[in-house]
Every structure is written in C-alpha cells, then in structure tokens.
>>> print(open('model-v7.cif').read())   # mmCIF, C-alpha atoms, pLDDT in the B column; chains and numbers go by the auth columns
data_model
#
loop_
_atom_site.group_PDB
_atom_site.id
_atom_site.type_symbol
_atom_site.label_atom_id
_atom_site.label_comp_id
_atom_site.label_asym_id
_atom_site.label_seq_id
_atom_site.Cartn_x
_atom_site.Cartn_y
_atom_site.Cartn_z
_atom_site.B_iso_or_equiv
_atom_site.auth_seq_id
_atom_site.auth_asym_id
ATOM 1 C CA MET A 1 -10.101 -2.429 -36.923 44.00 1 C
ATOM 2 C CA ALA A 2 -10.425 1.059 -35.474 50.00 2 C
ATOM 3 C CA THR A 3 -8.162 2.171 -32.654 52.00 3 C
ATOM 4 C CA PRO A 4 -9.916 1.375 -29.378 60.00 4 C
ATOM 5 C CA PHE A 5 -10.925 4.167 -27.041 76.00 5 C
ATOM 6 C CA VAL A 6 -9.882 2.012 -24.085 81.00 6 C
ATOM 7 C CA MET A 7 -8.524 -1.511 -23.553 82.00 7 C
ATOM 8 C CA LEU A 8 -9.554 -3.536 -20.511 82.00 8 C
ATOM 9 C CA GLY A 9 -7.227 -6.514 -20.539 79.00 9 C
ATOM 10 C CA THR A 10 -7.766 -8.066 -23.969 76.00 10 C
ATOM 11 C CA ILE A 11 -11.142 -6.370 -24.559 81.00 11 C
ATOM 12 C CA GLY A 12 -11.035 -3.267 -26.735 78.00 12 C
ATOM 13 C CA TYR A 13 -13.863 -0.723 -26.802 77.00 13 C
ATOM 14 C CA ALA A 14 -14.034 1.572 -29.813 71.00 14 C
ATOM 15 C CA LYS A 15 -16.497 4.240 -30.905 68.00 15 C
ATOM 16 C CA LEU A 16 -20.020 3.066 -30.059 71.00 16 C
ATOM 17 C CA THR A 17 -19.082 0.515 -27.374 77.00 17 C
ATOM 18 C CA SER A 18 -16.639 2.820 -25.591 81.00 18 C
ATOM 19 C CA PRO A 19 -17.501 4.028 -22.101 84.00 19 C
ATOM 20 C CA THR A 20 -20.023 6.858 -21.961 84.00 20 C
ATOM 21 C CA SER A 21 -18.269 8.015 -18.788 85.00 21 C
ATOM 22 C CA MET A 22 -14.926 7.179 -17.190 88.00 22 C
ATOM 23 C CA ASP A 23 -14.398 8.653 -13.740 90.00 23 C
ATOM 24 C CA LEU A 24 -11.016 8.493 -11.989 91.00 24 C
ATOM 25 C CA THR A 25 -10.787 8.515 -8.195 93.00 25 C
ATOM 26 C CA GLN A 26 -7.466 9.252 -6.512 94.00 26 C
ATOM 27 C CA GLY A 27 -6.751 9.796 -2.852 95.00 27 C
ATOM 28 C CA TRP A 28 -4.041 10.296 -0.268 95.00 28 C
ATOM 29 C CA THR A 29 -3.927 9.188 3.347 95.00 29 C
ATOM 30 C CA TYR A 30 -2.812 11.359 6.251 95.00 30 C
ATOM 31 C CA ALA A 31 -2.447 10.260 9.864 95.00 31 C
ATOM 32 C CA GLU A 32 -3.795 12.672 12.433 95.00 32 C
ATOM 33 C CA HIS A 33 -1.702 13.101 15.577 95.00 33 C
ATOM 34 C CA GLN A 34 -3.319 14.693 18.600 95.00 34 C
ATOM 35 C CA VAL A 35 -1.325 17.453 20.289 93.00 35 C
ATOM 36 C CA VAL A 36 -1.763 18.639 23.874 94.00 36 C
ATOM 37 C CA GLU A 37 -3.374 22.103 23.923 92.00 37 C
ATOM 38 C CA GLY A 38 -3.195 22.522 20.156 93.00 38 C
ATOM 39 C CA LYS A 39 -4.638 21.475 16.870 94.00 39 C
ATOM 40 C CA PRO A 40 -3.807 18.004 15.571 94.00 40 C
ATOM 41 C CA LEU A 41 -0.900 17.584 13.199 95.00 41 C
ATOM 42 C CA LEU A 42 -1.122 15.690 9.919 95.00 42 C
ATOM 43 C CA GLN A 43 1.494 13.289 8.601 95.00 43 C
ATOM 44 C CA PHE A 44 1.432 12.059 5.011 94.00 44 C
ATOM 45 C CA MET A 45 1.166 8.250 4.956 93.00 45 C
ATOM 46 C CA GLY A 46 0.929 7.537 1.235 90.00 46 C
ATOM 47 C CA ALA A 47 -1.253 7.459 -1.842 91.00 47 C
ATOM 48 C CA ASN A 48 -4.424 5.372 -1.975 93.00 48 C
ATOM 49 C CA LEU A 49 -5.183 2.943 -4.761 94.00 49 C
ATOM 50 C CA ASP A 50 -6.644 4.580 -7.861 94.00 50 C
ATOM 51 C CA GLY A 51 -10.143 3.659 -8.901 95.00 51 C
ATOM 52 C CA PHE A 52 -12.111 3.989 -12.113 93.00 52 C
ATOM 53 C CA SER A 53 -15.855 3.965 -12.586 93.00 53 C
ATOM 54 C CA MET A 54 -16.915 3.334 -16.163 92.00 54 C
ATOM 55 C CA THR A 55 -20.369 3.375 -17.667 91.00 55 C
ATOM 56 C CA PHE A 56 -21.058 1.531 -20.916 90.00 56 C
ATOM 57 C CA LEU A 57 -24.139 1.584 -23.113 90.00 57 C
ATOM 58 C CA PHE A 58 -24.496 -1.630 -25.115 90.00 58 C
ATOM 59 C CA HIS A 59 -27.241 -1.492 -27.742 90.00 59 C
ATOM 60 C CA ALA A 60 -28.356 -4.186 -30.202 89.00 60 C
ATOM 61 C CA SER A 61 -27.852 -1.802 -33.137 88.00 61 C
ATOM 62 C CA PHE A 62 -24.037 -1.965 -32.743 86.00 62 C
ATOM 63 C CA CYS A 63 -23.243 -5.022 -30.558 87.00 63 C
ATOM 64 C CA ILE A 64 -24.791 -7.982 -28.792 89.00 64 C
ATOM 65 C CA PRO A 65 -25.499 -6.500 -25.349 90.00 65 C
ATOM 66 C CA GLN A 66 -25.516 -9.793 -23.417 91.00 66 C
ATOM 67 C CA LYS A 67 -22.261 -10.911 -25.068 91.00 67 C
ATOM 68 C CA SER A 68 -20.560 -7.585 -24.235 90.00 68 C
ATOM 69 C CA TYR A 69 -21.722 -7.844 -20.612 92.00 69 C
ATOM 70 C CA ASP A 70 -20.601 -11.492 -20.389 93.00 70 C
ATOM 71 C CA ALA A 71 -17.088 -10.471 -21.542 92.00 71 C
ATOM 72 C CA LEU A 72 -16.845 -8.080 -18.576 93.00 72 C
ATOM 73 C CA VAL A 73 -18.151 -10.771 -16.192 94.00 73 C
ATOM 74 C CA ALA A 74 -15.531 -13.219 -17.512 93.00 74 C
ATOM 75 C CA LEU A 75 -12.800 -10.611 -16.965 92.00 75 C
ATOM 76 C CA ALA A 76 -14.012 -10.066 -13.384 93.00 76 C
ATOM 77 C CA ASN A 77 -14.263 -13.825 -12.721 94.00 77 C
ATOM 78 C CA ALA A 78 -10.643 -14.321 -13.819 92.00 78 C
ATOM 79 C CA HIS A 79 -9.633 -12.797 -10.444 91.00 79 C
ATOM 80 C CA THR A 80 -6.454 -11.376 -11.940 90.00 80 C
ATOM 81 C CA ALA A 81 -5.188 -7.891 -12.562 91.00 81 C
ATOM 82 C CA PHE A 82 -5.288 -6.683 -16.158 92.00 82 C
ATOM 83 C CA PRO A 83 -3.769 -3.660 -17.880 90.00 83 C
ATOM 84 C CA LEU A 84 -5.937 -0.613 -18.523 90.00 84 C
ATOM 85 C CA ILE A 85 -4.759 1.282 -21.597 88.00 85 C
ATOM 86 C CA GLN A 86 -6.225 4.323 -23.317 85.00 86 C
ATOM 87 C CA GLY A 87 -6.587 4.368 -27.097 80.00 87 C
ATOM 88 C CA ASN A 88 -3.667 6.786 -27.423 83.00 88 C
ATOM 89 C CA GLY A 89 -1.414 4.143 -25.839 84.00 89 C
ATOM 90 C CA ARG A 90 -1.280 5.671 -22.355 87.00 90 C
ATOM 91 C CA TYR A 91 -0.875 2.902 -19.775 89.00 91 C
ATOM 92 C CA LEU A 92 -3.070 3.683 -16.760 90.00 92 C
ATOM 93 C CA GLY A 93 -1.950 0.746 -14.606 89.00 93 C
ATOM 94 C CA ARG A 94 -3.129 -2.731 -13.639 91.00 94 C
ATOM 95 C CA PHE A 95 -6.673 -3.058 -12.326 94.00 95 C
ATOM 96 C CA VAL A 96 -9.220 -5.576 -11.109 94.00 96 C
ATOM 97 C CA ILE A 97 -12.985 -5.335 -11.504 94.00 97 C
ATOM 98 C CA THR A 98 -14.509 -5.058 -8.037 95.00 98 C
ATOM 99 C CA GLU A 99 -18.121 -4.477 -9.043 96.00 99 C
ATOM 100 C CA LEU A 100 -20.424 -4.692 -12.044 95.00 100 C
ATOM 101 C CA SER A 101 -24.007 -3.492 -12.235 95.00 101 C
ATOM 102 C CA ARG A 102 -26.361 -3.839 -15.177 94.00 102 C
ATOM 103 C CA THR A 103 -29.545 -1.926 -15.947 92.00 103 C
ATOM 104 C CA ALA A 104 -31.779 -3.252 -18.717 91.00 104 C
ATOM 105 C CA GLN A 105 -33.116 -0.313 -20.707 89.00 105 C
ATOM 106 C CA MET A 106 -34.880 -2.192 -23.469 90.00 106 C
ATOM 107 C CA ALA A 107 -35.753 -5.860 -24.028 88.00 107 C
ATOM 108 C CA ALA A 108 -37.528 -7.871 -26.693 88.00 108 C
ATOM 109 C CA GLY A 109 -40.774 -9.728 -26.013 88.00 109 C
ATOM 110 C CA ASP A 110 -38.833 -12.944 -25.314 90.00 110 C
ATOM 111 C CA GLY A 111 -36.536 -11.236 -22.789 85.00 111 C
ATOM 112 C CA THR A 112 -33.562 -10.745 -25.112 88.00 112 C
ATOM 113 C CA LEU A 113 -31.702 -7.634 -24.026 88.00 113 C
ATOM 114 C CA LEU A 114 -31.684 -4.923 -26.686 91.00 114 C
ATOM 115 C CA SER A 115 -30.091 -2.133 -24.660 92.00 115 C
ATOM 116 C CA ILE A 116 -28.293 -2.229 -21.324 93.00 116 C
ATOM 117 C CA GLU A 117 -26.282 0.195 -19.278 93.00 117 C
ATOM 118 C CA VAL A 118 -23.341 -1.381 -17.457 93.00 118 C
ATOM 119 C CA LYS A 119 -21.376 0.250 -14.664 95.00 119 C
ATOM 120 C CA ALA A 120 -17.951 -1.229 -13.896 93.00 120 C
ATOM 121 C CA THR A 121 -15.915 -0.323 -10.828 95.00 121 C
ATOM 122 C CA LEU A 122 -12.169 -0.932 -11.109 95.00 122 C
ATOM 123 C CA LYS A 123 -9.525 -0.776 -8.399 96.00 123 C
ATOM 124 C CA GLU A 124 -5.794 -0.445 -8.962 94.00 124 C
ATOM 125 C CA TYR A 125 -3.685 -3.536 -8.313 93.00 125 C
ATOM 126 C CA VAL A 126 -0.201 -2.946 -6.947 89.00 126 C
ATOM 127 C CA ASP A 127 2.258 -5.811 -6.630 82.00 127 C
ATOM 128 C CA LYS A 128 3.710 -6.161 -3.111 81.00 128 C
ATOM 129 C CA LYS A 129 7.138 -7.118 -4.427 81.00 129 C
ATOM 130 C CA PRO A 130 7.411 -5.892 -8.024 76.00 130 C
ATOM 131 C CA LEU A 131 11.117 -6.686 -8.440 82.00 131 C
ATOM 132 C CA GLU A 132 10.687 -10.300 -7.275 86.00 132 C
ATOM 133 C CA THR A 133 7.681 -10.792 -9.557 80.00 133 C
ATOM 134 C CA LYS A 134 9.534 -9.316 -12.526 80.00 134 C
ATOM 135 C CA THR A 135 12.505 -11.627 -11.850 86.00 135 C
ATOM 136 C CA LYS A 136 10.273 -14.717 -11.566 84.00 136 C
ATOM 137 C CA VAL A 137 8.515 -13.888 -14.827 81.00 137 C
ATOM 138 C CA ALA A 138 11.850 -13.313 -16.592 83.00 138 C
ATOM 139 C CA LYS A 139 13.221 -16.629 -15.297 84.00 139 C
ATOM 140 C CA ALA A 140 10.108 -18.484 -16.368 81.00 140 C
ATOM 141 C CA LYS A 141 10.426 -17.068 -19.885 80.00 141 C
ATOM 142 C CA ALA A 142 14.209 -17.592 -20.106 80.00 142 C
ATOM 143 C CA PRO A 143 15.618 -20.561 -21.994 75.00 143 C
ATOM 144 C CA ALA A 144 16.892 -23.444 -19.855 69.00 144 C
ATOM 145 C CA ARG A 145 20.273 -22.850 -18.269 62.00 145 C
ATOM 146 C CA LYS A 146 22.746 -25.184 -16.581 61.00 146 C
ATOM 147 C CA LYS A 147 22.933 -24.821 -12.844 63.00 147 C
ATOM 148 C CA ALA A 148 26.285 -24.050 -11.250 64.00 148 C
ATOM 149 C CA GLY A 149 28.098 -26.787 -9.383 64.00 149 C
ATOM 150 C CA LYS A 150 29.765 -30.121 -10.021 67.00 150 C
ATOM 151 C CA ARG A 151 28.160 -32.445 -12.446 66.00 151 C
ATOM 152 C CA LYS A 152 28.839 -36.131 -12.668 67.00 152 C
ATOM 153 C CA ALA A 153 29.577 -37.365 -16.109 65.00 153 C
ATOM 154 C CA LYS A 154 26.904 -39.612 -17.414 64.00 154 C
ATOM 155 C CA VAL A 155 28.350 -42.960 -18.379 58.00 155 C
ATOM 156 C CA LYS A 156 26.551 -44.833 -21.039 58.00 156 C
ATOM 157 C CA LYS A 157 26.724 -48.575 -21.138 56.00 157 C
ATOM 158 C CA ALA A 158 28.243 -48.414 -24.614 52.00 158 C
ATOM 159 C CA ASP A 159 31.152 -46.310 -23.248 55.00 159 C
ATOM 160 C CA VAL A 160 32.248 -49.043 -20.815 56.00 160 C
ATOM 161 C CA PRO A 161 34.423 -51.638 -22.557 61.00 161 C
ATOM 162 C CA GLN A 162 33.026 -55.143 -22.470 69.00 162 C
ATOM 163 C CA LEU A 163 35.141 -58.243 -22.027 71.00 163 C
ATOM 164 C CA THR A 164 34.068 -60.625 -24.738 77.00 164 C
ATOM 165 C CA ALA A 165 35.517 -63.932 -25.976 80.00 165 C
ATOM 166 C CA ALA A 166 37.184 -62.095 -28.866 78.00 166 C
ATOM 167 C CA SER A 167 38.809 -59.525 -26.532 74.00 167 C
ATOM 168 C CA ARG A 168 40.075 -62.338 -24.215 77.00 168 C
ATOM 169 C CA ALA A 169 41.642 -64.073 -27.199 79.00 169 C
ATOM 170 C CA ALA A 170 43.346 -60.783 -28.068 75.00 170 C
ATOM 171 C CA GLY A 171 44.949 -60.645 -24.593 76.00 171 C
ATOM 172 C CA TYR A 172 42.546 -58.393 -22.646 74.00 172 C
ATOM 173 C CA THR A 173 41.596 -59.120 -19.011 76.00 173 C
ATOM 174 C CA LEU A 174 39.157 -57.639 -16.497 73.00 174 C
ATOM 175 C CA VAL A 175 40.700 -55.665 -13.600 72.00 175 C
ATOM 176 C CA ASN A 176 38.713 -54.329 -10.568 71.00 176 C
ATOM 177 C CA LYS A 177 35.483 -55.755 -12.015 67.00 177 C
ATOM 178 C CA LYS A 178 35.094 -52.760 -14.287 68.00 178 C
ATOM 179 C CA THR A 179 38.298 -52.033 -16.187 70.00 179 C
ATOM 180 C CA VAL A 180 39.423 -53.976 -19.247 66.00 180 C
ATOM 181 C CA VAL A 181 43.188 -53.846 -19.898 69.00 181 C
ATOM 182 C CA ARG A 182 45.558 -55.605 -22.297 70.00 182 C
ATOM 183 C CA GLN A 183 48.390 -57.430 -20.666 69.00 183 C
ATOM 184 C CA LYS A 184 51.761 -57.305 -22.333 63.00 184 C
ATOM 185 C CA ALA A 185 53.089 -60.584 -23.605 55.00 185 C
#
>>> encode(input="model-v7.cif", output="structure tokens")
Amino acid sequence: MATPFVMLGTIGYAKLTSPTSMDLTQGWTYAEHQVVEGKPLLQFMGANLDGFSMTFLFHASFCIPQKSYDALVALANAHTAFPLIQGNGRYLGRFVITELSRTAQMAAGDGTLLSIEVKATLKEYVDKKPLETKTKVAKAKAPARKKAGKRKAKVKKADVPQLTAASRAAGYTLVNKKTVVRQKA
C-alpha cells in the first residue's frame, strides 16, 4: 500500500482520494481592558483550538464515493477524538469532525453517486486533564498488581486437619472446636 497523504483516525487517504485542499485555522484570544482617557489595553488569554477544513473529491474511477463518504460519517458518529497524521509522519493533534457537507457532482441514472465533493470541518480536541488521562490509560493497560495492605490468608478446607476415627485411635483429640492435637500418653 502507498504511503497515505493524510490519516484521519484509522482512515488513510493516498494519491487520488487525498484531500484536494486542507486549510488550517489557528487563532489567539486577547482580552480588551478599557482604560480611562486612553486606548484599551490588550491582554493575551491563550491560543484557540486549531481547525482544519478539508475538501475531498471521491470519483467512481478510483473509489466507491458513497462508501468513502460513509467512512467519514462513521468517524464523525463515533463522537471521539482521533489522531490526524500527515503522510510524512507529522502528528497534527487529536481532532473531532464537527461538520460534513456533500455535493453530488455526477450520478448514474439510478441515483448511484459517481462523483462527490465532500467538505469536512475538524476541530482540535484538547484533554482537560492530560496527566490524569494518561495515568488511567496506563493503569488500564498494566498487568494486575497486588494492592498494598494486610491480606488474610485463605484457608482451604483441605488445610484444616480433620478428626476422623483413625486419628482418634491414634491419640488425637479436638481442642477449641478447630484444632486437632495429639495427647501424650
């Protein structure tokens, strides 16, 4: 398989199915503070979430347009963030699909789509508590471990001596309703 131009989650787009355009939107937020008898002052608040707009052209000569569109719809309906990776291996971040639009360019007489243009809008997903999430994932993947603290020894029924007729004949007696001892003769 050829190296994909871009990977959206588990979907790879190479050569003919790759986006015909891929626009990045970045922004920064500044608070505006009014000043008496002067111009307002700006204070940097932080970076906005990144956004990508991608346009795909799916044509029947190199893919099944409806199937390619349905894969994007399934990714959007998963309601989870997915990695966005360029073909050269550059990790662009985790994103969700916020909008899909489809324009039919050509269809067969029975309505089968032969060529469609799909526009996908992606928004960056940032974890509120990345360290906690990373720790939870690591713990979930870790092999089982014993918890700290006192543990009671498990006593199996076979470990407790039983007072039988043969053991009584040998001189054993039951003490405290649970201990079998041999009395000296």
>>> residues_around(input="model-v7.cif", residues="range 92-100 of chain C", least_positions_apart="2", cutoff="8 Å", atoms="all atoms listed in the file", output="list in words")
Val73, Leu75, Ala76, His79, Thr80, Ala81, Phe82, Pro83, Leu84, Ile85, Gln86, Arg90, Arg102, Val118, Lys119, Ala120, Thr121, Leu122, Lys123, Glu124, Tyr125 and Val126 of chain C
>>> resolve_selection(input="model-v7.cif", expression="the PyMOL selection byres ((chain C and resi 22) around 6)", output="list of chain:residue names")
C:Ser21, C:Asp23, C:Ser53, C:Met54
>>> closest_residue(input="model-v7.cif", among="C:Lys39, C:Lys129, C:His59, C:Lys134", to="Thr17 in chain C", atoms="all atoms listed in the file")
C:His59
>>> closest_residue(input="model-v7.cif", among="C:Tyr172, C:Gly27, C:Phe58, C:Tyr69", to="Phe44 in chain C", atoms="all atoms listed in the file")
C:Gly27
>>> atom_distance(input="model-v7.cif", atom1="CA of Leu24 in chain C", atom2="CA of Asp50 in chain C")
7.2 Å
>>> atom_distance(input="model-v7.cif", atom1="CA of Leu57 in chain C", atom2="CA of Thr103 in chain C")
9.6 Å
>>> resolve_selection(input="model-v7.cif", expression="the PyMOL selection byres ((chain C and resi 62) around 12)", output="list of chain:residue names")
C:Tyr13, C:Ala14, C:Lys15, C:Leu16, C:Thr17, C:Ser18, C:Leu57, C:Phe58, C:His59, C:Ala60, C:Ser61, C:Cys63, C:Ile64, C:Pro65, C:Lys67, C:Ser68, C:Leu114, C:Ser115
>>> atom_distance(input="model-v7.cif", atom1="CA of Ile11 in chain C", atom2="CA of Asp110 in chain C")
28.5 Å
>>> resolve_selection(input="model-v7.cif", expression="the PyMOL selection byres ((chain C and resi 46) around 7)", output="PyMOL selection string")
chain C and resi 28-29+44-45+47-48
>>> write_last_selection(input="model-v7.cif", atoms="C-alpha atoms", output="mmCIF file, in the coordinates of the input")
data_model
loop_
_atom_site.group_PDB
_atom_site.id
_atom_site.type_symbol
_atom_site.label_atom_id
_atom_site.label_comp_id
_atom_site.auth_asym_id
_atom_site.auth_seq_id
_atom_site.Cartn_x
_atom_site.Cartn_y
_atom_site.Cartn_z
ATOM 1 C CA TRP C 28 -4.041 10.296 -0.268
ATOM 2 C CA THR C 29 -3.927 9.188 3.347
ATOM 3 C CA PHE C 44 1.432 12.059 5.011
ATOM 4 C CA MET C 45 1.166 8.250 4.956
ATOM 5 C CA ALA C 47 -1.253 7.459 -1.842
ATOM 6 C CA ASN C 48 -4.424 5.372 -1.975
#
>>> residues_around(input="model-v7.cif", residues="Leu42 in chain C", least_positions_apart="5", cutoff="6 Å", atoms="all atoms listed in the file", output="list in words")
Tyr30, Ala31 and Glu32 of chain C
